[in-house]
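What follows is a single structure, written as structure tokens, with notes after it.
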Amino acid sequence: MVSSIVGNYLLEKNLITAEQLKDLMKEQQKVRVKLGLIAVAEGLMTQEEADKVNRLQAVMDKRFGDIAVEKGYLTEGQVEALLKKQGNAYLAFAQALENQQLMSIEQLEQYMIDFQREYNLTGSDIEDLKSDDVDRILPLYLPGGTEKYMNVVGTALRTIMRCVDTEVYPEKAFLATSLEADNGASQLMEGERDVICAMAGKGQALLPTASIFGKEEFAEVNMDALDAIGELLNCINGLYATSLSQGGVSMELYPPEFSDKISGISGKEMMVVPMYIKGQKVNFVTAIDNRIEMKQEV
């Protein structure tokens, strides 16, 4: 998720091209993050010190960490801590940027300062973003005072990451009473608290999600494609209901409803979370103790 958030920010600022971003996503899957890059990112070494150790590795049969300790740049404890960060997605993206010779980790970190300022984030918020942990990232995108939506939206994001698009990422969520859409699906859960979830889009925005989850190449967002979206909602809500049942809360799931001819979704209060799934903007909508409905075209 963090790779898409940061990558699309760099794209918006014309620092990389769309083609370069596509290549970076592929490269990221293959890279092993170098210890020197992590040390620089953590502020434990300068780029010059890391470059010096890299040059020494060319003439010494020793690991980066061993040389850095010998030179007094790092302690053994710091090396051990850095090794644990080699699977971090943000650092893997930074490594891919370096491998593609697009920018150094120091340059990326400077752009992240601009990102932080532009989106009015704290240093702690940036660390949450870099963690690539949905539960830490999601609060940055939800409005204040909407913690009750965290669990269901988090379940939706994690399920979409597992089943549809590993690089799905959200935009700022918002509370609304209406939302324009051309097609969508919804599902009601009744229990101690009534919860309803929906996925809606304009035009063919839902098509990649339906095709990937439904394991069928749909030609358009028709009722068959929306049936697959309904099944995705059923999967999300089933997992959400299971998590609640562990706390003793029982929920009854109703069959999903869907339509390819709507004008929008409305309700007294609903949380709208725009998500980019396979490059298409899809709205995940949920309401708790409020009913929402898909308005049919007249």
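Convention: chains lettered A, B, ... in structure tokens order; per-chain residue numbering from 1; ligands numbered from 1 as shown.
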Which residues come within 10 Å of Glu167 (chain A), counting only C-alpha atoms, excluding same-chain residues fewer than 5 positions away, as a ChimeraX atom specification? /A:1-5,25,160-162,276-279
Please return, as a PyMOL selection string, all residues of region 90-271 of chain A that DSSP assigns to alpha helix (DSSP H) on the basis of the backbone. chain A and resi 90-99+105-118+123-130+134-137+150-163+207-214+223-245
Store the residues picked out above in a file with C-alpha atoms, as an mmCIF file, in the first residue's frame.
data_model
loop_
_atom_site.group_PDB
_atom_site.id
_atom_site.type_symbol
_atom_site.label_atom_id
_atom_site.label_comp_id
_atom_site.auth_asym_id
_atom_site.auth_seq_id
_atom_site.Cartn_x
_atom_site.Cartn_y
_atom_site.Cartn_z
ATOM 1 C CA TYR A 90 8.679 1.478 1.882
ATOM 2 C CA LEU A 91 12.364 0.604 1.979
ATOM 3 C CA ALA A 92 11.905 -1.927 -0.823
ATOM 4 C CA PHE A 93 10.347 0.846 -2.914
ATOM 5 C CA ALA A 94 13.272 3.133 -2.049
ATOM 6 C CA GLN A 95 15.679 0.369 -3.088
ATOM 7 C CA ALA A 96 13.831 -0.028 -6.385
ATOM 8 C CA LEU A 97 14.173 3.741 -6.985
ATOM 9 C CA GLU A 98 17.926 3.448 -6.439
ATOM 10 C CA ASN A 99 18.210 0.339 -8.596
ATOM 11 C CA ILE A 105 17.017 7.352 -0.394
ATOM 12 C CA GLU A 106 18.151 10.801 0.769
ATOM 13 C CA GLN A 107 16.307 12.444 -2.120
ATOM 14 C CA LEU A 108 13.209 10.356 -1.433
ATOM 15 C CA GLU A 109 13.292 11.362 2.224
ATOM 16 C CA GLN A 110 13.380 15.019 1.185
ATOM 17 C CA TYR A 111 10.276 14.490 -0.932
ATOM 18 C CA MET A 112 8.640 12.753 2.029
ATOM 19 C CA ILE A 113 9.188 15.950 4.035
ATOM 20 C CA ASP A 114 7.242 17.792 1.317
ATOM 21 C CA PHE A 115 4.566 15.053 1.452
ATOM 22 C CA GLN A 116 4.325 15.450 5.232
ATOM 23 C CA ARG A 117 3.948 19.215 4.966
ATOM 24 C CA GLU A 118 1.421 19.066 2.125
ATOM 25 C CA GLY A 123 6.506 12.662 12.131
ATOM 26 C CA SER A 124 4.645 9.856 13.883
ATOM 27 C CA ASP A 125 2.084 9.796 11.051
ATOM 28 C CA ILE A 126 4.873 9.345 8.508
ATOM 29 C CA GLU A 127 6.301 6.446 10.513
ATOM 30 C CA ASP A 128 2.831 4.871 10.527
ATOM 31 C CA LEU A 129 2.665 5.297 6.750
ATOM 32 C CA LYS A 130 6.096 3.762 6.219
ATOM 33 C CA VAL A 134 -3.232 -1.141 7.388
ATOM 34 C CA ASP A 135 -4.218 -0.619 11.039
ATOM 35 C CA ARG A 136 -1.611 2.147 11.383
ATOM 36 C CA ILE A 137 -2.196 3.774 7.982
ATOM 37 C CA MET A 150 -12.101 1.435 11.638
ATOM 38 C CA ASN A 151 -12.720 -2.291 11.976
ATOM 39 C CA VAL A 152 -15.024 -2.737 8.988
ATOM 40 C CA VAL A 153 -12.993 -0.465 6.666
ATOM 41 C CA GLY A 154 -9.756 -2.161 7.776
ATOM 42 C CA THR A 155 -11.289 -5.567 7.054
ATOM 43 C CA ALA A 156 -12.300 -4.349 3.580
ATOM 44 C CA LEU A 157 -8.822 -3.025 2.747
ATOM 45 C CA ARG A 158 -7.031 -6.142 3.955
ATOM 46 C CA THR A 159 -9.429 -8.423 2.051
ATOM 47 C CA ILE A 160 -9.035 -6.442 -1.175
ATOM 48 C CA MET A 161 -5.239 -6.553 -0.739
ATOM 49 C CA ARG A 162 -5.348 -10.344 -0.368
ATOM 50 C CA CYS A 163 -7.942 -11.133 -3.006
ATOM 51 C CA LEU A 207 -14.682 -4.043 -13.830
ATOM 52 C CA PRO A 208 -11.096 -5.008 -12.772
ATOM 53 C CA THR A 209 -12.265 -5.818 -9.234
ATOM 54 C CA ALA A 210 -15.133 -7.980 -10.506
ATOM 55 C CA SER A 211 -12.971 -9.798 -13.053
ATOM 56 C CA ILE A 212 -10.128 -10.563 -10.640
ATOM 57 C CA PHE A 213 -12.288 -11.618 -7.695
ATOM 58 C CA GLY A 214 -14.800 -13.456 -9.885
ATOM 59 C CA MET A 223 -25.307 -7.862 -13.398
ATOM 60 C CA ASP A 224 -22.946 -10.836 -13.635
ATOM 61 C CA ALA A 225 -19.957 -8.647 -12.802
ATOM 62 C CA LEU A 226 -21.849 -7.040 -9.926
ATOM 63 C CA ASP A 227 -22.710 -10.502 -8.611
ATOM 64 C CA ALA A 228 -18.933 -10.970 -8.177
ATOM 65 C CA ILE A 229 -18.744 -7.617 -6.346
ATOM 66 C CA GLY A 230 -21.535 -8.835 -4.094
ATOM 67 C CA GLU A 231 -19.556 -11.997 -3.350
ATOM 68 C CA LEU A 232 -16.522 -9.860 -2.480
ATOM 69 C CA LEU A 233 -18.675 -7.894 -0.033
ATOM 70 C CA ASN A 234 -19.925 -11.180 1.392
ATOM 71 C CA CYS A 235 -16.303 -12.238 1.940
ATOM 72 C CA ILE A 236 -15.430 -8.909 3.614
ATOM 73 C CA ASN A 237 -18.511 -8.946 5.818
ATOM 74 C CA GLY A 238 -18.069 -12.589 6.709
ATOM 75 C CA LEU A 239 -14.587 -11.854 8.013
ATOM 76 C CA TYR A 240 -15.872 -8.770 9.851
ATOM 77 C CA ALA A 241 -18.698 -10.787 11.446
ATOM 78 C CA THR A 242 -16.228 -13.498 12.469
ATOM 79 C CA SER A 243 -14.025 -10.927 14.235
ATOM 80 C CA LEU A 244 -17.074 -9.616 16.107
ATOM 81 C CA SER A 245 -18.151 -13.128 17.081
#
Could you list, as JSON, numbers by chain, every residue within 12 Å of Glu48 (chain A), counting only C-alpha atoms and ignoring same-chain residues fewer than 2 positions away? {"A": [36, 37, 39, 40, 44, 45, 46, 50, 51, 52, 53, 54, 55, 73, 104, 106]}
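Here CA of Leu11 (chain A) is placed at a distance of 19.0 Å from CA of Thr166 (chain A).
CA of Gly264 (chain A) sits 18.7 Å away from CA of Ile288 (chain A).
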Name the residues of region 194-246 of chain A that come out as strand (DSSP E or B) in a backbone DSSP run; write them as a VMD selection string. chain A and resid 195 to 201
Exercise: region 69-72 of chain A partners within 10 Å, only C-alpha atoms, chain neighbours under 5 positions left out, as a PDB file with C-alpha atoms, in the first residue's frame:
ATOM      1  CA  GLU A  49      29.551   6.539   4.878  1.00  0.00           C
ATOM      2  CA  VAL A  53      31.403   0.718   3.131  1.00  0.00           C
ATOM      3  CA  PHE A  64      28.141  -4.570   5.064  1.00  0.00           C
ATOM      4  CA  GLY A  77      22.807  -3.963  18.124  1.00  0.00           C
ATOM      5  CA  GLN A  78      21.990  -1.426  15.425  1.00  0.00           C
ATOM      6  CA  VAL A  79      22.976  -3.888  12.694  1.00  0.00           C
TER       7      VAL A  79
END
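Proximity ranking of A:Val164, A:Ala41, A:Leu206, A:Ala287 relative to Val221 (chain A) places A:Leu206 first, based on only C-alpha atoms.
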Can you work out the spacing between CA of Ala198 (chain A) and CA of Leu121 (chain A) in Å, to one decimal? 29.2 Å
